[in-house]
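Novice: Have a look at the structure that comes next, please.
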Amino acid sequence: MKTAIKPAKHISWSTMFADFKEITKVRLAVSVVFSSIAGYLLGAYEISVVTLLLLAFGGYCMVGASNAYNQIIERDLDALMKRTRNRPIPSGRVSVHQGLIIAVLLTVFGVVSLYFVNPKTAMFGAISIFLYTSVYTPLKTITPLSVFVGALPGAIPFMLGWVAATNEFGIEPGTLFMIQFFWQFPHFWALAWMLDEDYRKGGFKLLPTGKKDKGTAVQIIMYTIWMMVISVIPAFGITGRLHLSIIAAVIVFLMGAVMLFFAFRLYDKRDNVSARKLMLASVTYITFIQLVYVSDKYIGMLF
């Protein structure tokens with residue numbers, strides 16, 4: 001009697017690479033690396049290609065590790081939500097054990113890479129992983145204040161680049177931190193507004209009032225205004241080596257005004273379409289403000 005042998009399931013390299021990108025949230029990780037490089041260019045007296053490569057690699061690893069730990073911890077909740085149920089771990093394509101190996105290796109590679117940049121950079125990178133996985137992630141199902149906690153590690157990348165360039169923490173990286181800190185509230189709450197029904201299936205409490213109401217919209221408006229104020233402060237000459245010309249400050253302010261317009265539109269309409277427009281405006285804002293800051297520095301050095 002012959003015993004039927006089930007053929008081993010073949011997993012291609014392309015599938016494994018696709019799962020790795022999803023576990024590490026490649027688009028988010030790349031945006032974080034972009035922020036870190038922008039911060040480095042702002043703080044650097046001289047540009048070191050080796051340092052930039054270590055910062056980019058280490059930064060990607062740190063973000064990837066945070067996301068991998070997050071998906072391990074939330075695997076059962078992810079399985080309940082439409083947008084996350086097909087992630088590698090809840091879908092079963094990647095086991096918890098495999099995910100943990102990925103997360104640990106990324107943590108080690110990330111910390112070591114950033115340590116070669118300088119110890120302060122490695123310290124801030126390690127703090128971001130700890131806050132994201134050990135504080136923010138558990139709080140997401142308990143209180144909307146989790147967004148405040150999550151904004152702390154989320155604000156580190158822009159600042160991290162300056163610390164990587166100077167091995168110092170002061171008013172300059174502190175200002176970069178505050179810009180990205182306040183930016184995250186309108187950005188994330190717009191996203192949470194769009195996905196509120198799905199988030200509720202997973203038990204996540206992310207909107208400040210718990211509802212898609214005027215109270216949430218008012219808080220989005222207030223944090224957008226604070227973001228606009230912080231973003232132009234370097235034009236007043238009170239942030240050390242971090243400078244912003246008047247022209248650049250006007251550009252930054254106008255970009256913030258666009259975000260504020262969409263925040264008011266959300267207050268008026270209170271629908272997912274308005275939330276999506278605000279979210280897209282916020283992504284454009286944080287990318288272009290960093291380009292403006294860096295361009296303004298190097299154009300200023302030419303004249």
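Naming works like this for the structure tokens: A, B, ... for the chains as they're shown, residue 1 at the start of each chain, ligands 1 onward in shown order.
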Enumerate, in order of chain and increasing residue number, the residues of segment 150-230 of chain A with an atom no farther than 9 Å from segment 270-273 of chain A, each with its shortest atom pair and distance in Å to one decimal, counting only C-alpha atoms, as CSV.
Specialist:
residue,atom,partner,partner_atom,distance
A:Ala190,CA,A:Asn272,CA,8.5
A:Trp193,CA,A:Asn272,CA,6.8
A:Met194,CA,A:Asn272,CA,5.1
A:Leu195,CA,A:Asn272,CA,8.5
A:Lys212,CA,A:Arg270,CA,7.0
A:Asp213,CA,A:Arg270,CA,6.8
A:Lys214,CA,A:Arg270,CA,7.5
A:Ala217,CA,A:Arg270,CA,7.8
Novice: Just give me the gap between atom CA of Trp189 of chain A and atom CA of Tyr223 of chain A in Å, one decimal is fine.
Specialist: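 Atom CA of Tyr223 of chain A lies at a distance of 10.5 Å from atom CA of Trp189 of chain A.
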Novice: Using only C-alpha atoms, which residue out of A:Ile102, A:Met228, A:Leu114, A:Ala192 lies closest to Pro144 of chain A?
Specialist: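 Once distances to Pro144 of chain A are computed over only C-alpha atoms, the minimum belongs to A:Ala192.
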Novice: So, counting only C-alpha atoms, which residue among A:Lys297, A:Arg265, A:Arg75, A:His187 is closest to Ala281 of chain A?
Specialist: A:His187
Novice: Taking into account only C-alpha atoms, which residue in the set A:Leu242, A:Gly174, A:Gly202, A:Val112 is nearest to Arg83 of chain A?
Specialist: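 Smallest distance to Arg83 of chain A is found for A:Gly202.
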Novice: Once DSSP has gone over the backbone, tell me which residues of segment 78-193 of chain A are in alpha helix (DSSP H), as a PyMOL selection string.
Specialist: chain A and resi 78+88-91+96-117+119-130+137-139+146-154+156-166+171-193
Novice: So that I can see what lies close to Thr137 of chain A, please list as a PyMOL selection string the residues with an atom at most 9 Å from it, counting only C-alpha atoms and leaving out residues fewer than 3 positions away in the same chain.
Specialist: chain A and resi 70+73-74+131-134+140-141+146+150
Novice: Please, what distance in Å, to one decimal, runs between atom CA of Trp226 of chain A and atom CA of Thr287 of chain A?
Specialist: 17.9 Å
Novice: Report the distance between atom CA of Phe158 of chain A and atom CA of Phe124 of chain A in Å, rounded to one decimal place.
Specialist: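 Atom-to-atom, atom CA of Phe158 of chain A to atom CA of Phe124 of chain A, that is 11.5 Å.
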Novice: Can you pull out the residues contacting Val50 of chain A? Cut-off 9 Å, using only C-alpha atoms, and skip same-chain residues under 4 positions away; I want them as a PDB file with all heavy atoms, in the first residue's frame.
Specialist:
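Dumped to out.pdb:
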ATOM      1  N   LEU A  54      25.112  54.168   6.894  1.00  0.00           N
ATOM      2  CA  LEU A  54      24.839  53.540   8.188  1.00  0.00           C
ATOM      3  C   LEU A  54      23.534  54.052   8.777  1.00  0.00           C
ATOM      4  O   LEU A  54      22.736  53.281   9.341  1.00  0.00           O
ATOM      5  CB  LEU A  54      25.991  53.821   9.154  1.00  0.00           C
ATOM      6  CG  LEU A  54      27.293  53.060   8.916  1.00  0.00           C
ATOM      7  CD1 LEU A  54      28.407  53.619   9.809  1.00  0.00           C
ATOM      8  CD2 LEU A  54      27.102  51.567   9.194  1.00  0.00           C
ATOM      9  N   LEU A  55      23.284  55.352   8.648  1.00  0.00           N
ATOM     10  CA  LEU A  55      22.054  55.945   9.160  1.00  0.00           C
ATOM     11  C   LEU A  55      20.840  55.398   8.423  1.00  0.00           C
ATOM     12  O   LEU A  55      19.824  55.058   9.051  1.00  0.00           O
ATOM     13  CB  LEU A  55      22.122  57.464   9.010  1.00  0.00           C
ATOM     14  CG  LEU A  55      20.882  58.258   9.450  1.00  0.00           C
ATOM     15  CD1 LEU A  55      20.629  58.081  10.943  1.00  0.00           C
ATOM     16  CD2 LEU A  55      21.064  59.740   9.107  1.00  0.00           C
ATOM     17  N   VAL A 117      27.562  55.014  13.980  1.00  0.00           N
ATOM     18  CA  VAL A 117      27.400  56.442  13.680  1.00  0.00           C
ATOM     19  C   VAL A 117      27.841  57.239  14.898  1.00  0.00           C
ATOM     20  O   VAL A 117      28.740  58.057  14.831  1.00  0.00           O
ATOM     21  CB  VAL A 117      25.949  56.778  13.303  1.00  0.00           C
ATOM     22  CG1 VAL A 117      25.763  58.295  13.153  1.00  0.00           C
ATOM     23  CG2 VAL A 117      25.548  56.061  12.018  1.00  0.00           C
TER      24      VAL A 117
END
Novice: Quick one: of A:Met81, A:Ala68, A:Gly240, A:Ile47, who's nearest to Gly170 of chain A, counting only C-alpha atoms?
Specialist: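 Once distances to Gly170 of chain A are computed over only C-alpha atoms, the minimum belongs to A:Gly240.
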Novice: Point out the residue among A:Ile179, A:Leu41, A:Val294, A:Leu206 with the least atom-to-atom distance to Gly256 of chain A, counting only C-alpha atoms.
Specialist: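 Closest candidate: A:Ile179.
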Novice: For Ala44 of chain A, list every protein, DNA or RNA residue within 7 Å, evaluated using only C-alpha atoms, and leave out those in the same chain fewer than 4 positions away; present the list as a PyMOL selection string.
Specialist: chain A and resi 40+165-166
Novice: Using only C-alpha atoms, which of A:Thr84, A:Asn167, A:Gln98, A:Ser91 sits nearest Tyr115 of chain A?
Specialist: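 Closest to Tyr115 of chain A of all the choices is A:Asn167.
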Novice: What's the 12 Å shell around Ile142 of chain A, counting only C-alpha atoms, without same-chain residues fewer than 3 positions away, as a PyMOL selection string?
Specialist: chain A and resi 135-139+145-147+200+202-207+210
